[in-house]
Amino acid sequence: MTLKTNAFGNTNYDITKASENTSPSADAPNGFAFDIEDYSINNSALTYIDDISKTQMYLTELNHSGNGTFSEEKSQLDTKTTANISMTIDSTQYLNQNAIKLDALIGMNLKEQKYTFMENKGFINQLPLVFDGYIQLIEEGQDIDITFENPESSFKDFLAVVPESYSKNIETVETSGDFKVKGLIRGKVTETTIPTLDINIKSDNASFKYHDLPKSVSNISIDTSIKNETGNVDDTFVDIKTLNFKIDNDVFKSDAVIRNLTKNMLVNANIDGTLNLANITKAYPVDFDKELSGVLKAKLNTSFDMEAIETNAYERIKNAGSVNLSDFVFSSEDLINPLQINAASMTFNNGNVSLNNFDAKTGKSDFNAKGSIKNLLGFLLSDKKLQGNFDLNSNTLVVSDFMAESETAPNTANKTSAPKASLKIPDFLDCTINAKANTVLYDNLTLKNVEGTLAIKDQEADLKNLSSNLFNGVLALTGKISTKTDTPVFDLNIGADGFDIAQSFKSLDLLQSIAPIAKALQGKLNTVIKLQGTLGSDMTPNLNSVSGDAFAELLTTSVNPGEASILNKLNGALNFIDFGKLDLKDLKAKLDFSNGQVNVKPFDLDYKDIKMVVSGSHSFDQTMNYNAVFQVPAKYLGSEVNRLIGKINDNDVNQLTIPVTANITGNYASPQIKTDLTSGVTNLTKQLVEIEKQKLINKGTDKVTDLLGGLLGGTKNQTTTDSTTVKTDSTKTTNTSTVSEGVKDLLGGLLKNKKKKKDSTKN
């Protein structure tokens with residue numbers, strides 16, 4: 001059943017019909033009387049919502065029974081009630097599934113709508129309480145005047161306040177000292193007021209010990225009040241004058257005042273003491289998700305309002321004091337390994353916290369940090385991020401030690417977190433880390449002398465000016481890695497200066513995929529790589545997702561053809577090149593890659609006096625399609641070609657080259673080589689024969705020209721020749737037809753004689 005009063009004061013339970021005539025009849029009997037022998041409500045639920053006072057109350061597992069006698073002016077109702085109660089006033093929860101029990105004899109004046117506690121005994125959780133006073137319904141709301149207290153004064157009553165799921169069985173707990181709860185609730189509940197409150201909880205020099213636990217809690221002093229002196233709900237406050245206790249030899253003292261409970265809560269608290277965290281579970285039967293250890297020493301005053309915490313209004317957060325922590329182990333679902341804090345020292349100064357020392361270890365990683373934290377209280381008291389700036393030094397950092405594990409990864413004994421979808425950058429971090437590490441282990445890489453800045457926010461790491469010694473060279477890295485999505489992504493710029501080629505290509509799958517032929521190279525490498533893609537559960541790139549481009553320069557490089565089948569095949573197909581003697585020094589190449597495909601832009605190579613241009617593509621599964629064009633001097637192309645060159649005996653012909661194209665397909669393990677060498681040699685031979693013929697023709701032409709010059713007398717002819725081509729510039733003449741006919745006859749005779757002579761020289 002739900003009872004509700006809306007913001008306009010309308011209720012859903014006022015269902016009585018107004019009487020048309022409210023004046024009593026002269027014949028009407030005086031009053032009424034009847035008895036109810038028995039009634040019950042079993043396993044029910046009741047919800048009460050008042051939008052005016054912003055009150056919500058929920059009763060579950062409600063069981064109620066009773067009997068009574070009723071009349072207009074005097075009635076009695078004998079009841080037994082059990083339920084679980086939750087109550088919230090203006091967003092502040094005061095009760096949460098607390099067990100209540102009430103056996104009460106209630107006197108009722110139905111005419112005045114006044115209900116008075118007579119004989120009664122109630123329980124909140126296991127704390128017994130007796131009530132005295134009344135509740136009366138009035139036109140404005142309710143008039144309340146109730147006092148209550150616990151009838152006994154044993155400290156066991158204090159443990160009874162705690163829900164049984166936390167306090168366990170208190171029947172066998174040994175206690176000493178007293179514990180008193182005494183309260184007064186007096187005033188009217190209206191649209192604008194609540195009753196005044198004066199509730200006091202006190203205990204002095206008390207102790208308790210659970211029989212099955214090794215430690216006891218002693219020297220317990222409690223002096224707490226819950227008060228409202230005005231009837232204005234906003235003026236309710238909690239005054240914890242004293243809350244002290246001792247576990248073993250550790251004394252812990254505290255006090256606090258909490259005001260403005262229903263709005264922007266104001267807190268002023270003092271803490272002074274030492275607490276061995278491991279002793280908490282040895283003295284009290286509380287179950288933590290993770291085992292606690294470490295020693296906390298604190299002397300701290302803090303003053304803040306919750307809105308300042310939520311909005312990072314640091315000027316309204318006043319802190320002073322220090323906190324020291326040693327041998328503490330922290331576990332979280334955001335961390336794959338426990339964080340062991342050997343020593344930590346913090347100084348509080350208003351909204352800032354100075355981290356003077358933080359010596360810690362997680363997994364195989366060690367680090368020492370100093371810096372500042374901006375909103376430690378926001379992180380501890382609400383869902384705010386841990387903000388700060390830190391200088392971090394480490395001897396060894398293992399990147400995987402700081403990640404949450406994937407669902408598909410095996411679960412090992414030292415893991416403290418439940419499996420997750422993938423490795424994650426902790427969500428609670430919002431900080432900048434200036435890091436130096438002697439050794440960083442990432443996947444199968446060992447980076448030395450690492451320096452750089454790491455900005456972490458919203459599960460994204462922004463790497464700035466990171467440098468390291470790697471593969472006998474220097475690595476430079478900038479870019480971002482994000483684990484906000486189910487599949488992590490990255491966008492990086494990588495620079496390598498003087499990398500050892502053999503080491504780097506052996507260790508980096510990405511480089512192997514980009515340039516698999518590099519395993520046959522020895523020497524140094526400079527490269528700049530821009531790449532984007534997704535990361536696997538171990539934070540290494542998913543190669544088929546990678547895209548980007550690269551520029552590479554090879555330094556002092558030698559080639560071992562035995563390490564690459566493609567070079568062996570080329571050696572067999574092109575016997576005029578020894579690929580083991582290629583000069584790759586200062587070779588520069590550009591390429592781009594996406595969707596598992598690498599496209600190599602044309603680059604130049606030299607072997608002695610042979611120039612080469614290579615271009616093409618291959619996929620990450622090492623299938624390939626490349627063209628290598630060789631500008632081969634004619635002298636390398638066989639004895640027949642060399643014989644013809646010798647006969648022509650011309651410097652330009654000696655420098656003649658032909659392009660030979662090698663088409664390289666298949667895959668790197670089993671390449672297929674096709675060349676146009678045979679057709680090229682054939683074409684060159686034909687060209688050389690033609691050049692030789694032309695040269696002989698040109699010689700005959702020169703003789704004819706000389707003869708014509710003599711016959712024509714005075715006619716100037718300018719002729720230029722070379723070994724392959726002839727250019728002639730002649731002037732027009734006005735010779736007679738007789739001379740022309742004579743020239744034709746003479747020319748014809750010379751050509752015939754020349755042809756005969758040429759034929760006679762054939763071998």
# chains A, B, ... in the order shown; residues from 1 in each chain; ligands from 1
call {"tool": "residues_around", "arguments": {"residues": "A:Ala298", "least_positions_apart": "2", "cutoff": "7 Å", "atoms": "only C-alpha atoms", "output": "list of chain:residue names"}}
result
A:Ile271, A:Asp272, A:Gly273, A:Thr274, A:Leu296, A:Leu300, A:Ser322, A:Val323, A:Asn324
call {"tool": "write_last_selection", "arguments": {"atoms": "N, CA, C and O atoms", "output": "PDB file, in the first residue's frame"}}
result
ATOM      1  N   ILE A 271      40.842  14.474  13.956  1.00  0.00           N
ATOM      2  CA  ILE A 271      41.287  13.090  14.109  1.00  0.00           C
ATOM      3  C   ILE A 271      42.690  13.115  14.685  1.00  0.00           C
ATOM      4  O   ILE A 271      43.560  13.870  14.220  1.00  0.00           O
ATOM      5  N   ASP A 272      42.920  12.298  15.696  1.00  0.00           N
ATOM      6  CA  ASP A 272      44.244  12.227  16.312  1.00  0.00           C
ATOM      7  C   ASP A 272      44.437  10.815  16.840  1.00  0.00           C
ATOM      8  O   ASP A 272      43.748  10.404  17.783  1.00  0.00           O
ATOM      9  N   GLY A 273      45.363  10.087  16.215  1.00  0.00           N
ATOM     10  CA  GLY A 273      45.571   8.748  16.738  1.00  0.00           C
ATOM     11  C   GLY A 273      46.351   7.844  15.815  1.00  0.00           C
ATOM     12  O   GLY A 273      46.808   8.248  14.742  1.00  0.00           O
ATOM     13  N   THR A 274      46.481   6.614  16.266  1.00  0.00           N
ATOM     14  CA  THR A 274      47.179   5.571  15.531  1.00  0.00           C
ATOM     15  C   THR A 274      46.254   4.371  15.419  1.00  0.00           C
ATOM     16  O   THR A 274      45.553   4.021  16.374  1.00  0.00           O
ATOM     17  N   LEU A 296      48.205   3.346  10.290  1.00  0.00           N
ATOM     18  CA  LEU A 296      47.798   4.710   9.962  1.00  0.00           C
ATOM     19  C   LEU A 296      48.018   5.597  11.177  1.00  0.00           C
ATOM     20  O   LEU A 296      47.531   5.300  12.272  1.00  0.00           O
ATOM     21  N   LEU A 300      44.852  15.490  12.311  1.00  0.00           N
ATOM     22  CA  LEU A 300      44.264  16.236  11.199  1.00  0.00           C
ATOM     23  C   LEU A 300      43.005  16.959  11.638  1.00  0.00           C
ATOM     24  O   LEU A 300      42.162  16.395  12.343  1.00  0.00           O
ATOM     25  N   SER A 322      48.692  16.251   9.347  1.00  0.00           N
ATOM     26  CA  SER A 322      49.496  15.280   8.609  1.00  0.00           C
ATOM     27  C   SER A 322      48.930  13.886   8.787  1.00  0.00           C
ATOM     28  O   SER A 322      48.264  13.578   9.784  1.00  0.00           O
ATOM     29  N   VAL A 323      49.215  13.050   7.795  1.00  0.00           N
ATOM     30  CA  VAL A 323      48.833  11.634   7.827  1.00  0.00           C
ATOM     31  C   VAL A 323      50.028  10.822   7.349  1.00  0.00           C
ATOM     32  O   VAL A 323      50.645  11.152   6.328  1.00  0.00           O
ATOM     33  N   ASN A 324      50.352   9.774   8.081  1.00  0.00           N
ATOM     34  CA  ASN A 324      51.428   8.867   7.701  1.00  0.00           C
ATOM     35  C   ASN A 324      50.884   7.451   7.631  1.00  0.00           C
ATOM     36  O   ASN A 324      50.104   7.025   8.496  1.00  0.00           O
TER      37      ASN A 324
END
call {"tool": "residues_around", "arguments": {"residues": "A:Glu315", "least_positions_apart": "6", "cutoff": "12 Å", "atoms": "only C-alpha atoms", "output": "list in words"}}
result
Ser303, Phe304, Asp305, Glu307, Ala308, Ile309, Asn349, Asn350, Gly351, Asn352, Lys374 and Asn375 of chain A
call {"tool": "residues_around", "arguments": {"residues": "stretch 642-646 of chain A", "least_positions_apart": "4", "cutoff": "9 Å", "atoms": "only C-alpha atoms", "output": "NGL selection string"}}
result
:A and (634-638 or 650 or 653-654 or 685 or 688-689 or 692)
call {"tool": "write_last_selection", "arguments": {"atoms": "N, CA and C atoms", "output": "mmCIF file, in the first residue's frame"}}
result
data_model
loop_
_atom_site.group_PDB
_atom_site.id
_atom_site.type_symbol
_atom_site.label_atom_id
_atom_site.label_comp_id
_atom_site.auth_asym_id
_atom_site.auth_seq_id
_atom_site.Cartn_x
_atom_site.Cartn_y
_atom_site.Cartn_z
ATOM 1 N N ALA A 634 74.941 -2.342 -70.893
ATOM 2 C CA ALA A 634 74.953 -3.404 -71.909
ATOM 3 C C ALA A 634 76.088 -4.390 -71.697
ATOM 4 N N LYS A 635 77.190 -3.948 -71.073
ATOM 5 C CA LYS A 635 78.364 -4.810 -70.934
ATOM 6 C C LYS A 635 78.110 -6.019 -70.048
ATOM 7 N N TYR A 636 77.001 -5.970 -69.213
ATOM 8 C CA TYR A 636 76.709 -7.096 -68.337
ATOM 9 C C TYR A 636 75.813 -8.132 -68.998
ATOM 10 N N LEU A 637 75.474 -7.949 -70.274
ATOM 11 C CA LEU A 637 74.393 -8.741 -70.854
ATOM 12 C C LEU A 637 74.875 -9.823 -71.826
ATOM 13 N N GLY A 638 76.070 -10.331 -71.678
ATOM 14 C CA GLY A 638 76.483 -11.508 -72.441
ATOM 15 C C GLY A 638 77.514 -11.209 -73.507
ATOM 16 N N ASP A 650 82.158 2.758 -79.979
ATOM 17 C CA ASP A 650 81.679 4.128 -79.791
ATOM 18 C C ASP A 650 81.443 4.346 -78.292
ATOM 19 N N VAL A 653 77.799 4.205 -77.122
ATOM 20 C CA VAL A 653 77.257 2.840 -77.096
ATOM 21 C C VAL A 653 77.774 2.092 -75.876
ATOM 22 N N ASN A 654 79.044 2.353 -75.515
ATOM 23 C CA ASN A 654 79.598 1.682 -74.330
ATOM 24 C C ASN A 654 78.802 2.024 -73.074
ATOM 25 N N THR A 685 70.285 -6.435 -78.613
ATOM 26 C CA THR A 685 71.090 -6.975 -79.708
ATOM 27 C C THR A 685 70.605 -6.422 -81.045
ATOM 28 N N LEU A 688 71.746 -2.873 -81.387
ATOM 29 C CA LEU A 688 73.175 -2.743 -81.696
ATOM 30 C C LEU A 688 73.454 -3.071 -83.163
ATOM 31 N N VAL A 689 72.816 -4.102 -83.704
ATOM 32 C CA VAL A 689 72.988 -4.448 -85.123
ATOM 33 C C VAL A 689 72.520 -3.295 -86.000
ATOM 34 N N GLU A 692 75.042 -0.538 -85.962
ATOM 35 C CA GLU A 692 76.205 -0.852 -86.809
ATOM 36 C C GLU A 692 75.878 -0.614 -88.279
#
call {"tool": "residues_around", "arguments": {"residues": "A:Glu112", "least_positions_apart": "4", "cutoff": "12 Å", "atoms": "only C-alpha atoms", "output": "list in words"}}
result
Glu72, Glu73, Lys74, Ser75, Gly107, Met108, Thr116, Tyr134, Ile135, Gln136, Leu137, Ile138, Glu139, Gln142 and Asp143 of chain A
call {"tool": "write_last_selection", "arguments": {"atoms": "N, CA, C and O atoms", "output": "compact mmCIF listing (two decimals), in the first residue's frame"}}
result
# COMPACT_ATOMS: atom_id res chain seq x y z
N GLU A 72 -15.73 6.25 21.50
CA GLU A 72 -15.40 7.54 20.90
C GLU A 72 -14.33 8.27 21.69
O GLU A 72 -13.45 8.90 21.12
N GLU A 73 -14.36 8.20 23.02
CA GLU A 73 -13.44 8.98 23.82
C GLU A 73 -12.31 8.15 24.41
O GLU A 73 -11.25 8.70 24.72
N LYS A 74 -12.47 6.86 24.59
CA LYS A 74 -11.44 6.06 25.22
C LYS A 74 -11.37 4.69 24.58
O LYS A 74 -12.34 3.94 24.62
N SER A 75 -10.22 4.41 23.98
CA SER A 75 -10.01 3.11 23.34
C SER A 75 -8.61 2.64 23.68
O SER A 75 -7.71 3.42 24.02
N GLY A 107 -3.15 3.88 23.96
CA GLY A 107 -4.43 4.48 24.32
C GLY A 107 -4.85 5.47 23.25
O GLY A 107 -4.04 6.27 22.77
N MET A 108 -6.15 5.43 22.88
CA MET A 108 -6.62 6.26 21.77
C MET A 108 -7.86 7.05 22.19
O MET A 108 -8.81 6.48 22.75
N THR A 116 -1.71 7.67 22.61
CA THR A 116 -0.76 7.75 23.71
C THR A 116 -0.10 6.39 23.93
O THR A 116 -0.78 5.35 23.97
N TYR A 134 2.85 11.01 23.36
CA TYR A 134 1.67 10.89 22.49
C TYR A 134 1.95 11.49 21.12
O TYR A 134 2.88 12.28 20.92
N ILE A 135 1.07 11.12 20.18
CA ILE A 135 1.00 11.74 18.85
C ILE A 135 -0.46 12.13 18.64
O ILE A 135 -1.36 11.30 18.82
N GLN A 136 -0.70 13.39 18.25
CA GLN A 136 -2.05 13.87 18.05
C GLN A 136 -2.16 14.49 16.66
O GLN A 136 -1.31 15.29 16.26
N LEU A 137 -3.21 14.11 15.95
CA LEU A 137 -3.47 14.70 14.65
C LEU A 137 -4.18 16.03 14.85
O LEU A 137 -5.20 16.11 15.55
N ILE A 138 -3.60 17.07 14.24
CA ILE A 138 -4.19 18.41 14.32
C ILE A 138 -4.39 18.93 12.91
O ILE A 138 -3.96 18.31 11.92
N GLU A 139 -5.02 20.08 12.81
CA GLU A 139 -5.35 20.62 11.49
C GLU A 139 -4.09 20.90 10.67
O GLU A 139 -4.05 20.65 9.47
N GLN A 142 0.72 17.12 12.64
CA GLN A 142 0.74 16.29 13.84
C GLN A 142 1.44 17.05 14.97
O GLN A 142 2.39 17.80 14.74
N ASP A 143 0.95 16.80 16.17
CA ASP A 143 1.60 17.32 17.37
C ASP A 143 2.23 16.13 18.09
O ASP A 143 1.55 15.15 18.42
call {"tool": "residues_around", "arguments": {"residues": "A:Ala256", "least_positions_apart": "5", "cutoff": "6 Å", "atoms": "only C-alpha atoms", "output": "list in words"}}
result
Ile240, Asn268 and Ala269 of chain A
call {"tool": "residues_around", "arguments": {"residues": "A:Ile673", "least_positions_apart": "2", "cutoff": "8 Å", "atoms": "only C-alpha atoms", "output": "ChimeraX atom specification"}}
result
/A:569-570,573,662-665,671,675
call {"tool": "write_last_selection", "arguments": {"atoms": "all heavy atoms", "output": "CSV table (one decimal), in the first residue's frame"}}
result
chain,number,residue,atom,x,y,z
A,569,LYS,N,66.5,-15.8,-54.4
A,569,LYS,CA,65.8,-16.0,-55.7
A,569,LYS,C,66.3,-14.9,-56.7
A,569,LYS,O,66.5,-15.2,-57.9
A,569,LYS,CB,64.3,-15.9,-55.6
A,569,LYS,CG,63.7,-17.1,-54.9
A,569,LYS,CD,63.7,-18.3,-55.9
A,569,LYS,CE,63.0,-19.5,-55.3
A,569,LYS,NZ,61.6,-19.4,-55.3
A,570,LEU,N,66.5,-13.7,-56.3
A,570,LEU,CA,67.0,-12.6,-57.1
A,570,LEU,C,68.4,-12.9,-57.6
A,570,LEU,O,68.8,-12.6,-58.7
A,570,LEU,CB,66.9,-11.3,-56.4
A,570,LEU,CG,65.5,-10.7,-56.3
A,570,LEU,CD1,65.5,-9.5,-55.4
A,570,LEU,CD2,64.9,-10.3,-57.7
A,573,ALA,N,68.1,-15.2,-60.5
A,573,ALA,CA,67.5,-14.7,-61.7
A,573,ALA,C,68.4,-13.6,-62.3
A,573,ALA,O,68.3,-13.4,-63.6
A,573,ALA,CB,66.1,-14.1,-61.3
A,662,ALA,N,62.1,-6.8,-62.6
A,662,ALA,CA,61.9,-8.0,-61.9
A,662,ALA,C,60.5,-7.9,-61.2
A,662,ALA,O,60.4,-7.0,-60.3
A,662,ALA,CB,63.0,-8.3,-60.9
A,663,ASN,N,59.6,-8.7,-61.5
A,663,ASN,CA,58.3,-8.8,-60.8
A,663,ASN,C,58.4,-9.8,-59.7
A,663,ASN,O,58.6,-11.0,-60.0
A,663,ASN,CB,57.2,-9.1,-61.8
A,663,ASN,CG,55.8,-9.0,-61.1
A,663,ASN,OD1,55.1,-10.0,-61.0
A,663,ASN,ND2,55.4,-7.9,-60.5
A,664,ILE,N,58.1,-9.4,-58.4
A,664,ILE,CA,58.3,-10.3,-57.3
A,664,ILE,C,56.9,-10.5,-56.7
A,664,ILE,O,56.3,-9.5,-56.2
A,664,ILE,CB,59.3,-9.6,-56.2
A,664,ILE,CG1,60.6,-9.2,-56.9
A,664,ILE,CG2,59.5,-10.6,-55.1
A,664,ILE,CD1,61.4,-8.3,-56.1
A,665,THR,N,56.5,-11.7,-56.6
A,665,THR,CA,55.2,-12.1,-56.1
A,665,THR,C,55.3,-13.3,-55.1
A,665,THR,O,56.4,-13.6,-54.8
A,665,THR,CB,54.2,-12.4,-57.2
A,665,THR,OG1,54.7,-13.4,-58.0
A,665,THR,CG2,53.9,-11.2,-58.1
A,671,PRO,N,59.0,-16.9,-52.5
A,671,PRO,CA,58.8,-15.8,-53.5
A,671,PRO,C,58.8,-16.4,-54.9
A,671,PRO,O,59.5,-17.4,-55.2
A,671,PRO,CB,59.9,-14.8,-53.2
A,671,PRO,CG,61.0,-15.7,-52.7
A,671,PRO,CD,60.4,-16.7,-51.9
A,675,THR,N,61.4,-12.0,-64.6
A,675,THR,CA,62.1,-10.8,-65.2
A,675,THR,C,61.9,-10.8,-66.7
A,675,THR,O,61.5,-11.8,-67.3
A,675,THR,CB,63.6,-10.9,-64.9
A,675,THR,OG1,64.2,-11.9,-65.7
A,675,THR,CG2,63.9,-11.2,-63.4
call {"tool": "closest_residue", "arguments": {"among": "A:Ser468, A:Asn232, A:Gln126, A:Ser65", "to": "A:Asn169", "atoms": "only C-alpha atoms"}}
result
A:Gln126
call {"tool": "select_by_dssp", "arguments": {"residues": "stretch 475-540 of chain A", "states": "strand (DSSP E)", "output": "PyMOL selection string"}}
result
chain A and resi 475-482+489-500+521-534
call {"tool": "residues_around", "arguments": {"residues": "A:Gly141", "least_positions_apart": "3", "cutoff": "12 Å", "atoms": "only C-alpha atoms", "output": "ChimeraX atom specification"}}
result
/A:5,9,50,52-53,113,135-138,144,187-195
call {"tool": "write_last_selection", "arguments": {"atoms": "all heavy atoms", "output": "short mmCIF file (atom, residue, chain, number, x, y, z; two decimals), in the first residue's frame"}}
result
data_model
loop_
_atom_site.label_atom_id
_atom_site.label_comp_id
_atom_site.auth_asym_id
_atom_site.auth_seq_id
_atom_site.Cartn_x
_atom_site.Cartn_y
_atom_site.Cartn_z
N THR A 5 1.27 12.20 -0.14
CA THR A 5 0.82 13.58 -0.10
C THR A 5 1.64 14.36 -1.12
O THR A 5 2.87 14.38 -1.04
CB THR A 5 1.04 14.20 1.30
OG1 THR A 5 0.31 13.43 2.27
CG2 THR A 5 0.57 15.64 1.33
N GLY A 9 -0.50 19.37 -1.11
CA GLY A 9 -1.18 18.94 0.12
C GLY A 9 -2.29 17.95 -0.11
O GLY A 9 -2.97 17.53 0.85
N ASP A 50 5.79 11.94 1.30
CA ASP A 50 5.27 13.27 1.55
C ASP A 50 6.14 14.26 0.77
O ASP A 50 7.28 14.54 1.14
CB ASP A 50 5.32 13.59 3.05
CG ASP A 50 4.59 14.89 3.39
OD1 ASP A 50 4.48 15.75 2.49
OD2 ASP A 50 4.16 15.04 4.55
N ILE A 52 5.77 17.40 0.45
CA ILE A 52 5.93 18.69 1.12
C ILE A 52 7.15 18.66 2.03
O ILE A 52 8.01 19.54 1.97
CB ILE A 52 4.66 19.04 1.93
CG1 ILE A 52 3.46 19.20 0.98
CG2 ILE A 52 4.88 20.31 2.75
CD1 ILE A 52 2.15 19.41 1.70
N SER A 53 7.26 17.67 2.89
CA SER A 53 8.41 17.57 3.80
C SER A 53 9.56 16.78 3.20
O SER A 53 10.58 16.59 3.85
CB SER A 53 7.97 16.90 5.11
OG SER A 53 7.51 15.56 4.86
N GLN A 113 -8.44 12.54 18.30
CA GLN A 113 -7.42 11.95 17.43
C GLN A 113 -6.04 12.00 18.08
O GLN A 113 -5.04 12.39 17.48
CB GLN A 113 -7.39 12.66 16.07
CG GLN A 113 -8.65 12.44 15.23
CD GLN A 113 -8.54 13.01 13.84
OE1 GLN A 113 -8.28 14.20 13.68
NE2 GLN A 113 -8.73 12.16 12.83
N ILE A 135 1.07 11.12 20.18
CA ILE A 135 1.00 11.74 18.85
C ILE A 135 -0.46 12.13 18.64
O ILE A 135 -1.36 11.30 18.82
CB ILE A 135 1.46 10.78 17.75
CG1 ILE A 135 2.92 10.37 17.96
CG2 ILE A 135 1.29 11.42 16.38
CD1 ILE A 135 3.38 9.30 16.97
N GLN A 136 -0.70 13.39 18.25
CA GLN A 136 -2.05 13.87 18.05
C GLN A 136 -2.16 14.49 16.66
O GLN A 136 -1.31 15.29 16.26
CB GLN A 136 -2.44 14.87 19.12
CG GLN A 136 -3.90 15.33 19.01
CD GLN A 136 -4.30 16.26 20.14
OE1 GLN A 136 -3.45 16.74 20.90
NE2 GLN A 136 -5.60 16.52 20.28
N LEU A 137 -3.21 14.11 15.95
CA LEU A 137 -3.47 14.70 14.65
C LEU A 137 -4.18 16.03 14.85
O LEU A 137 -5.20 16.11 15.55
CB LEU A 137 -4.33 13.77 13.80
CG LEU A 137 -3.77 12.37 13.52
CD1 LEU A 137 -4.72 11.59 12.63
CD2 LEU A 137 -2.40 12.47 12.87
N ILE A 138 -3.60 17.07 14.24
CA ILE A 138 -4.19 18.41 14.32
C ILE A 138 -4.39 18.93 12.91
O ILE A 138 -3.96 18.31 11.92
CB ILE A 138 -3.30 19.36 15.14
CG1 ILE A 138 -1.91 19.47 14.49
CG2 ILE A 138 -3.19 18.91 16.59
CD1 ILE A 138 -0.99 20.45 15.20
N ILE A 144 3.55 16.22 18.34
CA ILE A 144 4.28 15.08 18.88
C ILE A 144 4.96 15.50 20.17
O ILE A 144 5.58 16.57 20.26
CB ILE A 144 5.35 14.57 17.87
CG1 ILE A 144 4.67 14.10 16.59
CG2 ILE A 144 6.18 13.46 18.48
CD1 ILE A 144 5.66 13.67 15.51
N GLY A 187 7.08 18.83 19.48
CA GLY A 187 6.72 19.91 18.56
C GLY A 187 5.78 19.43 17.49
O GLY A 187 5.24 18.31 17.53
N LYS A 188 5.58 20.28 16.50
CA LYS A 188 4.59 20.03 15.48
C LYS A 188 5.26 19.70 14.14
O LYS A 188 6.25 20.32 13.76
CB LYS A 188 3.67 21.23 15.30
CG LYS A 188 2.84 21.55 16.53
CD LYS A 188 1.98 22.79 16.33
CE LYS A 188 1.15 23.11 17.58
NZ LYS A 188 0.30 24.31 17.39
N VAL A 189 4.65 18.75 13.47
CA VAL A 189 5.04 18.44 12.10
C VAL A 189 4.04 19.14 11.18
O VAL A 189 2.86 18.78 11.14
CB VAL A 189 5.04 16.93 11.84
CG1 VAL A 189 5.41 16.64 10.39
CG2 VAL A 189 5.99 16.21 12.78
N THR A 190 4.53 20.17 10.48
CA THR A 190 3.69 20.93 9.56
C THR A 190 4.43 21.05 8.23
O THR A 190 5.50 20.48 8.04
CB THR A 190 3.36 22.32 10.11
OG1 THR A 190 4.55 23.11 10.12
CG2 THR A 190 2.80 22.24 11.54
N GLU A 191 3.88 21.84 7.35
CA GLU A 191 4.54 22.05 6.07
C GLU A 191 5.86 22.78 6.22
O GLU A 191 6.74 22.68 5.36
CB GLU A 191 3.62 22.84 5.12
CG GLU A 191 2.37 22.08 4.71
CD GLU A 191 1.53 22.86 3.73
OE1 GLU A 191 1.99 23.96 3.31
OE2 GLU A 191 0.44 22.40 3.36
N THR A 192 6.05 23.49 7.33
CA THR A 192 7.25 24.32 7.48
C THR A 192 8.09 23.94 8.69
O THR A 192 9.20 24.48 8.85
CB THR A 192 6.87 25.80 7.59
OG1 THR A 192 5.99 25.98 8.71
CG2 THR A 192 6.18 26.27 6.31
N THR A 193 7.61 23.08 9.56
CA THR A 193 8.35 22.79 10.79
C THR A 193 8.42 21.29 11.05
O THR A 193 7.65 20.49 10.51
CB THR A 193 7.68 23.47 12.01
OG1 THR A 193 6.36 22.89 12.19
CG2 THR A 193 7.57 24.97 11.81
N ILE A 194 9.39 20.96 11.88
CA ILE A 194 9.49 19.61 12.44
C ILE A 194 9.58 19.76 13.95
O ILE A 194 9.87 20.86 14.45
CB ILE A 194 10.71 18.84 11.91
CG1 ILE A 194 12.02 19.53 12.34
CG2 ILE A 194 10.65 18.71 10.39
CD1 ILE A 194 13.27 18.70 12.06
N PRO A 195 9.37 18.71 14.72
CA PRO A 195 9.56 18.83 16.18
C PRO A 195 11.02 19.12 16.52
O PRO A 195 11.94 18.79 15.77
CB PRO A 195 9.14 17.45 16.69
CG PRO A 195 8.34 16.84 15.60
CD PRO A 195 8.89 17.39 14.32
#
call {"tool": "select_by_dssp", "arguments": {"residues": "stretch 391-631 of chain A", "states": "alpha helix (DSSP H)", "output": "PyMOL selection string"}}
result
chain A and resi 501-507+509-514+565-573
call {"tool": "closest_residue", "arguments": {"among": "A:Phe237, A:Phe620, A:Tyr58, A:Phe252", "to": "A:Ser86", "atoms": "only C-alpha atoms"}}
result
A:Tyr58
call {"tool": "closest_residue", "arguments": {"among": "A:Gly479, A:Gly616, A:Pro338, A:Gly572", "to": "A:Lys364", "atoms": "only C-alpha atoms"}}
result
A:Pro338
call {"tool": "closest_residue", "arguments": {"among": "A:Gln56, A:Ser154, A:Thr623, A:Ser513", "to": "A:Val173", "atoms": "only C-alpha atoms"}}
result
A:Ser154
call {"tool": "closest_atom_pairs", "arguments": {"of": "stretch 505-618 of chain A", "to": "stretch 628-633 of chain A", "cutoff": "7 Å", "atoms": "only C-alpha atoms", "output": "CSV"}}
result
residue,atom,partner,partner_atom,distance
A:Ile610,CA,A:Val632,CA,5.5
A:Lys611,CA,A:Gln631,CA,5.3
A:Met612,CA,A:Phe630,CA,4.5
A:Val613,CA,A:Val629,CA,5.2
A:Val614,CA,A:Ala628,CA,4.4
A:Ser615,CA,A:Ala628,CA,6.6
call {"tool": "write_last_selection", "arguments": {"atoms": "C-alpha atoms", "output": "PDB file, in the first residue's frame"}}
result
ATOM      1  CA  ILE A 610      73.672  -0.507 -61.887  1.00  0.00           C
ATOM      2  CA  LYS A 611      70.883   1.738 -60.666  1.00  0.00           C
ATOM      3  CA  MET A 612      67.662   0.270 -59.277  1.00  0.00           C
ATOM      4  CA  VAL A 613      64.202   1.590 -58.429  1.00  0.00           C
ATOM      5  CA  VAL A 614      62.016  -0.553 -56.128  1.00  0.00           C
ATOM      6  CA  SER A 615      58.302  -0.115 -55.351  1.00  0.00           C
TER       7      SER A 615
END
